[in-house]
Amino acid sequence: GTLPTDCAASPIVCDTHMKHAAAAAARDGGALRCLTFEITSTLVCMSVPLGRVYGEAVRHYKLPCPDDDTMKAAFKSAYGKTNAELPNFGAASLANEREWWRAMIRSTLDQAGCTEALDDETFPLVFQRIYSSFASPDVWAPCPEGASAMRHAKERGLVVGVCSNVYPRYVDQNLPLLGLHRDLDFAATSYEAGALKPSRDVFDAAARKASHVNRLLHGRTQPDVAPGQAHTVHTLTPLTHAHRALFFE
């Protein structure tokens with residue numbers, strides 16, 4: 001779940017989140033210096049049903065297609081299978097994440113029974129419509145509570161970043177598409193780090209970037225951002241669990 005939008009946008013609620021994060025930082029040995037956010041479902045949310053996106057791409061070419069719920073179920077199955085075979089969007093084995101999505105979308109269509117969409121000439125067309133859709137505002141919308149919390153953290157003088165199990169396209173395209181890049185100081189993705197959270201490698205990469213940004217913004221003599229001074233927002237639900245130490249997830 002998430003906080004109700006009318007509450008999440010409230011400075012009082014945001015201040016409460018910051019106080020909880022600051023208190024946690026103090027217990028871990030320092031002042032709160034940095035707040036990082038998950039991207040999916042915290043900063044960006046799908047604005048249309050996932051099954052519909054896939055179904056509309058198939059139907060665009062007047063090909064037979066199951067209902068949206070069936071397509072969504074096929075996606076979930078294909079995603080799990082592809083992720084098991086090629087973890088972290090194929091960072092260690094494929095040329096780029098686009099190739100990972102090509103394999104995943106092909107598997108989705110196969111499991112959904114969209115056989116006519118899989119021939120050599122048709123599949124590239126359907127793939128491109130699906131892949132392009134996920135770089136458009138037709139599919140994504142800002143999560144109001146996440147965007148509000150990011151703005152509030154920046155207004156409080158914190159270093160603000162993302163630390164997320166995603167690939168650079170989210171940072172390069174999706175966040176700017178929705179105006180969510182303006183308050184962002186840095187990004188650390190699992191794809192670039194070559195490891196998925198909760199691996200420490202991702203958090204180490206985020207901490208190095210946060211430390212450098214902190215010095216640029218607040219003076220060259222600033223110390224490194226320590227484990228207890230950087231917190232990651234995964235969800236804006238329970239105030240007691242909204243912020244977790246960067247290294248200790």
# chains A, B, ... in the order shown; residues from 1 in each chain; ligands from 1

$ residues_around --residues "Leu177 (chain A)" --least-positions-apart "4" --cutoff "10 Å" --atoms "only C-alpha atoms" --output "list in words"
Ala135, Ser136, Pro137, Trp140, Ala141, Pro142, Tyr170, Val171, Asp172, Gln173 and His181 of chain A

$ write_last_selection --atoms "N, CA, C and O atoms" --output "PDB file, in the first residue's frame"
ATOM      1  N   ALA A 135       8.496   3.890 -22.674  1.00  0.00           N
ATOM      2  CA  ALA A 135       9.287   5.119 -22.584  1.00  0.00           C
ATOM      3  C   ALA A 135       8.383   6.323 -22.814  1.00  0.00           C
ATOM      4  O   ALA A 135       8.869   7.408 -23.143  1.00  0.00           O
ATOM      5  N   SER A 136       7.082   6.139 -22.635  1.00  0.00           N
ATOM      6  CA  SER A 136       6.132   7.209 -22.946  1.00  0.00           C
ATOM      7  C   SER A 136       5.287   7.570 -21.730  1.00  0.00           C
ATOM      8  O   SER A 136       5.087   6.756 -20.822  1.00  0.00           O
ATOM      9  N   PRO A 137       4.752   8.799 -21.722  1.00  0.00           N
ATOM     10  CA  PRO A 137       3.861   9.201 -20.629  1.00  0.00           C
ATOM     11  C   PRO A 137       2.491   8.546 -20.724  1.00  0.00           C
ATOM     12  O   PRO A 137       1.655   8.734 -19.845  1.00  0.00           O
ATOM     13  N   TRP A 140       3.480   5.702 -17.962  1.00  0.00           N
ATOM     14  CA  TRP A 140       4.037   6.067 -16.656  1.00  0.00           C
ATOM     15  C   TRP A 140       3.454   7.372 -16.130  1.00  0.00           C
ATOM     16  O   TRP A 140       3.140   8.283 -16.896  1.00  0.00           O
ATOM     17  N   ALA A 141       3.371   7.476 -14.827  1.00  0.00           N
ATOM     18  CA  ALA A 141       2.974   8.710 -14.157  1.00  0.00           C
ATOM     19  C   ALA A 141       3.796   8.843 -12.882  1.00  0.00           C
ATOM     20  O   ALA A 141       4.243   7.839 -12.319  1.00  0.00           O
ATOM     21  N   PRO A 142       4.041  10.062 -12.426  1.00  0.00           N
ATOM     22  CA  PRO A 142       4.748  10.222 -11.151  1.00  0.00           C
ATOM     23  C   PRO A 142       3.892   9.680 -10.005  1.00  0.00           C
ATOM     24  O   PRO A 142       2.672   9.830 -10.010  1.00  0.00           O
ATOM     25  N   TYR A 170      15.777   4.035 -17.107  1.00  0.00           N
ATOM     26  CA  TYR A 170      14.870   4.683 -16.163  1.00  0.00           C
ATOM     27  C   TYR A 170      15.373   6.079 -15.790  1.00  0.00           C
ATOM     28  O   TYR A 170      14.593   7.017 -15.665  1.00  0.00           O
ATOM     29  N   VAL A 171      16.673   6.193 -15.588  1.00  0.00           N
ATOM     30  CA  VAL A 171      17.260   7.467 -15.175  1.00  0.00           C
ATOM     31  C   VAL A 171      17.385   8.412 -16.356  1.00  0.00           C
ATOM     32  O   VAL A 171      17.132   9.621 -16.242  1.00  0.00           O
ATOM     33  N   ASP A 172      17.760   7.875 -17.511  1.00  0.00           N
ATOM     34  CA  ASP A 172      18.001   8.704 -18.693  1.00  0.00           C
ATOM     35  C   ASP A 172      16.711   9.192 -19.342  1.00  0.00           C
ATOM     36  O   ASP A 172      16.695  10.280 -19.930  1.00  0.00           O
ATOM     37  N   GLN A 173      15.644   8.387 -19.266  1.00  0.00           N
ATOM     38  CA  GLN A 173      14.414   8.710 -19.999  1.00  0.00           C
ATOM     39  C   GLN A 173      13.186   8.846 -19.107  1.00  0.00           C
ATOM     40  O   GLN A 173      12.487   9.851 -19.170  1.00  0.00           O
ATOM     41  N   HIS A 181      13.615  14.394 -12.567  1.00  0.00           N
ATOM     42  CA  HIS A 181      15.078  14.519 -12.543  1.00  0.00           C
ATOM     43  C   HIS A 181      15.532  15.802 -11.862  1.00  0.00           C
ATOM     44  O   HIS A 181      16.699  15.930 -11.495  1.00  0.00           O
TER      45      HIS A 181
END

$ select_by_dssp --residues "region 43-73 of chain A" --states "helix (DSSP H, G or I)" --output "list of chain:residue names"
A:Leu50, A:Gly51, A:Arg52, A:Val53, A:Tyr54, A:Gly55, A:Glu56, A:Ala57, A:Val58, A:Arg59, A:His60, A:Asp68, A:Asp69, A:Thr70, A:Met71, A:Lys72, A:Ala73

$ residues_around --residues "Ala73 (chain A)" --least-positions-apart "6" --cutoff "12 Å" --atoms "only C-alpha atoms" --output "list in words"
Pro49, Leu50, Gly51, Arg52, Tyr54, Pro66, Asp67, Tyr79, Gly80, Ser107, Thr108, Leu109, Gln111, Ala112 and Gly113 of chain A

$ atom_distance --atom1 "CA of Glu192 (chain A)" --atom2 "CA of Glu99 (chain A)"
15.8 Å

$ closest_residue --among "A:Arg215, A:Asn88, A:Ala117, A:Pro144" --to "Val202 (chain A)" --atoms "only C-alpha atoms"
A:Asn88

$ select_by_dssp --residues "region 16-97 of chain A" --states "strand (DSSP E or B)" --output "PyMOL selection string"
chain A and resi 34-37+40+44-46

$ write_last_selection --atoms "all heavy atoms" --output "compact mmCIF listing (two decimals), in the first residue's frame"
# COMPACT_ATOMS: atom_id res chain seq x y z
N CYS A 34 21.69 12.02 3.47
CA CYS A 34 21.27 11.61 2.14
C CYS A 34 20.00 10.77 2.21
O CYS A 34 19.83 9.97 3.13
CB CYS A 34 22.39 10.80 1.48
SG CYS A 34 21.95 10.04 -0.10
N LEU A 35 19.12 10.96 1.24
CA LEU A 35 17.94 10.13 1.10
C LEU A 35 17.91 9.61 -0.33
O LEU A 35 18.03 10.38 -1.28
CB LEU A 35 16.68 10.96 1.38
CG LEU A 35 15.46 10.20 1.91
CD1 LEU A 35 15.78 9.57 3.26
CD2 LEU A 35 14.28 11.15 2.06
N THR A 36 17.83 8.28 -0.48
CA THR A 36 17.71 7.70 -1.81
C THR A 36 16.36 7.02 -1.94
O THR A 36 15.77 6.58 -0.95
CB THR A 36 18.83 6.70 -2.12
OG1 THR A 36 18.72 5.57 -1.26
CG2 THR A 36 20.20 7.33 -1.98
N PHE A 37 15.89 6.93 -3.18
CA PHE A 37 14.57 6.40 -3.45
C PHE A 37 14.63 5.22 -4.40
O PHE A 37 15.46 5.20 -5.31
CB PHE A 37 13.68 7.48 -4.10
CG PHE A 37 13.32 8.62 -3.18
CD1 PHE A 37 14.23 9.64 -2.93
CD2 PHE A 37 12.08 8.67 -2.56
CE1 PHE A 37 13.91 10.69 -2.09
CE2 PHE A 37 11.75 9.70 -1.72
CZ PHE A 37 12.66 10.72 -1.49
N THR A 40 10.75 2.32 -9.22
CA THR A 40 9.46 1.74 -9.57
C THR A 40 8.56 1.64 -8.35
O THR A 40 8.97 1.21 -7.28
CB THR A 40 9.64 0.35 -10.20
OG1 THR A 40 10.42 -0.48 -9.32
CG2 THR A 40 10.35 0.45 -11.53
N VAL A 44 7.94 6.37 -9.80
CA VAL A 44 7.13 6.23 -11.01
C VAL A 44 6.18 5.05 -10.86
O VAL A 44 6.54 4.01 -10.31
CB VAL A 44 7.99 6.07 -12.28
CG1 VAL A 44 8.92 7.26 -12.46
CG2 VAL A 44 8.80 4.79 -12.26
N CYS A 45 4.96 5.23 -11.34
CA CYS A 45 3.93 4.20 -11.26
C CYS A 45 3.29 4.04 -12.63
O CYS A 45 3.18 5.00 -13.39
CB CYS A 45 2.84 4.60 -10.25
SG CYS A 45 3.45 4.94 -8.59
N MET A 46 2.85 2.82 -12.93
CA MET A 46 2.13 2.61 -14.17
C MET A 46 0.75 3.25 -14.09
O MET A 46 0.06 3.12 -13.08
CB MET A 46 2.00 1.12 -14.48
CG MET A 46 3.30 0.48 -14.93
SD MET A 46 3.03 -1.13 -15.72
CE MET A 46 2.13 -0.63 -17.21

$ atom_distance --atom1 "CA of Asp185 (chain A)" --atom2 "CA of Val213 (chain A)"
7.0 Å

$ residues_around --residues "region 152-167 of chain A" --least-positions-apart "3" --cutoff "8 Å" --atoms "only C-alpha atoms" --output "ChimeraX atom specification"
/A:11,14,18,32-39,88-89,97,148-149,170-171,183-192,196-197,202-203,206,210,213-214,232

$ atom_distance --atom1 "CA of Arg98 (chain A)" --atom2 "CA of Met150 (chain A)"
28.7 Å

$ closest_residue --among "A:Arg129, A:Ser47, A:Arg182, A:Leu94" --to "Arg59 (chain A)" --atoms "only C-alpha atoms"
A:Arg129

$ closest_residue --among "A:Ser77, A:Asp119, A:Leu180, A:Val225" --to "Ala205 (chain A)" --atoms "only C-alpha atoms"
A:Val225

$ closest_residue --among "A:Ser133, A:Ser199, A:Asn83, A:Gln128" --to "Met104 (chain A)" --atoms "only C-alpha atoms"
A:Asn83
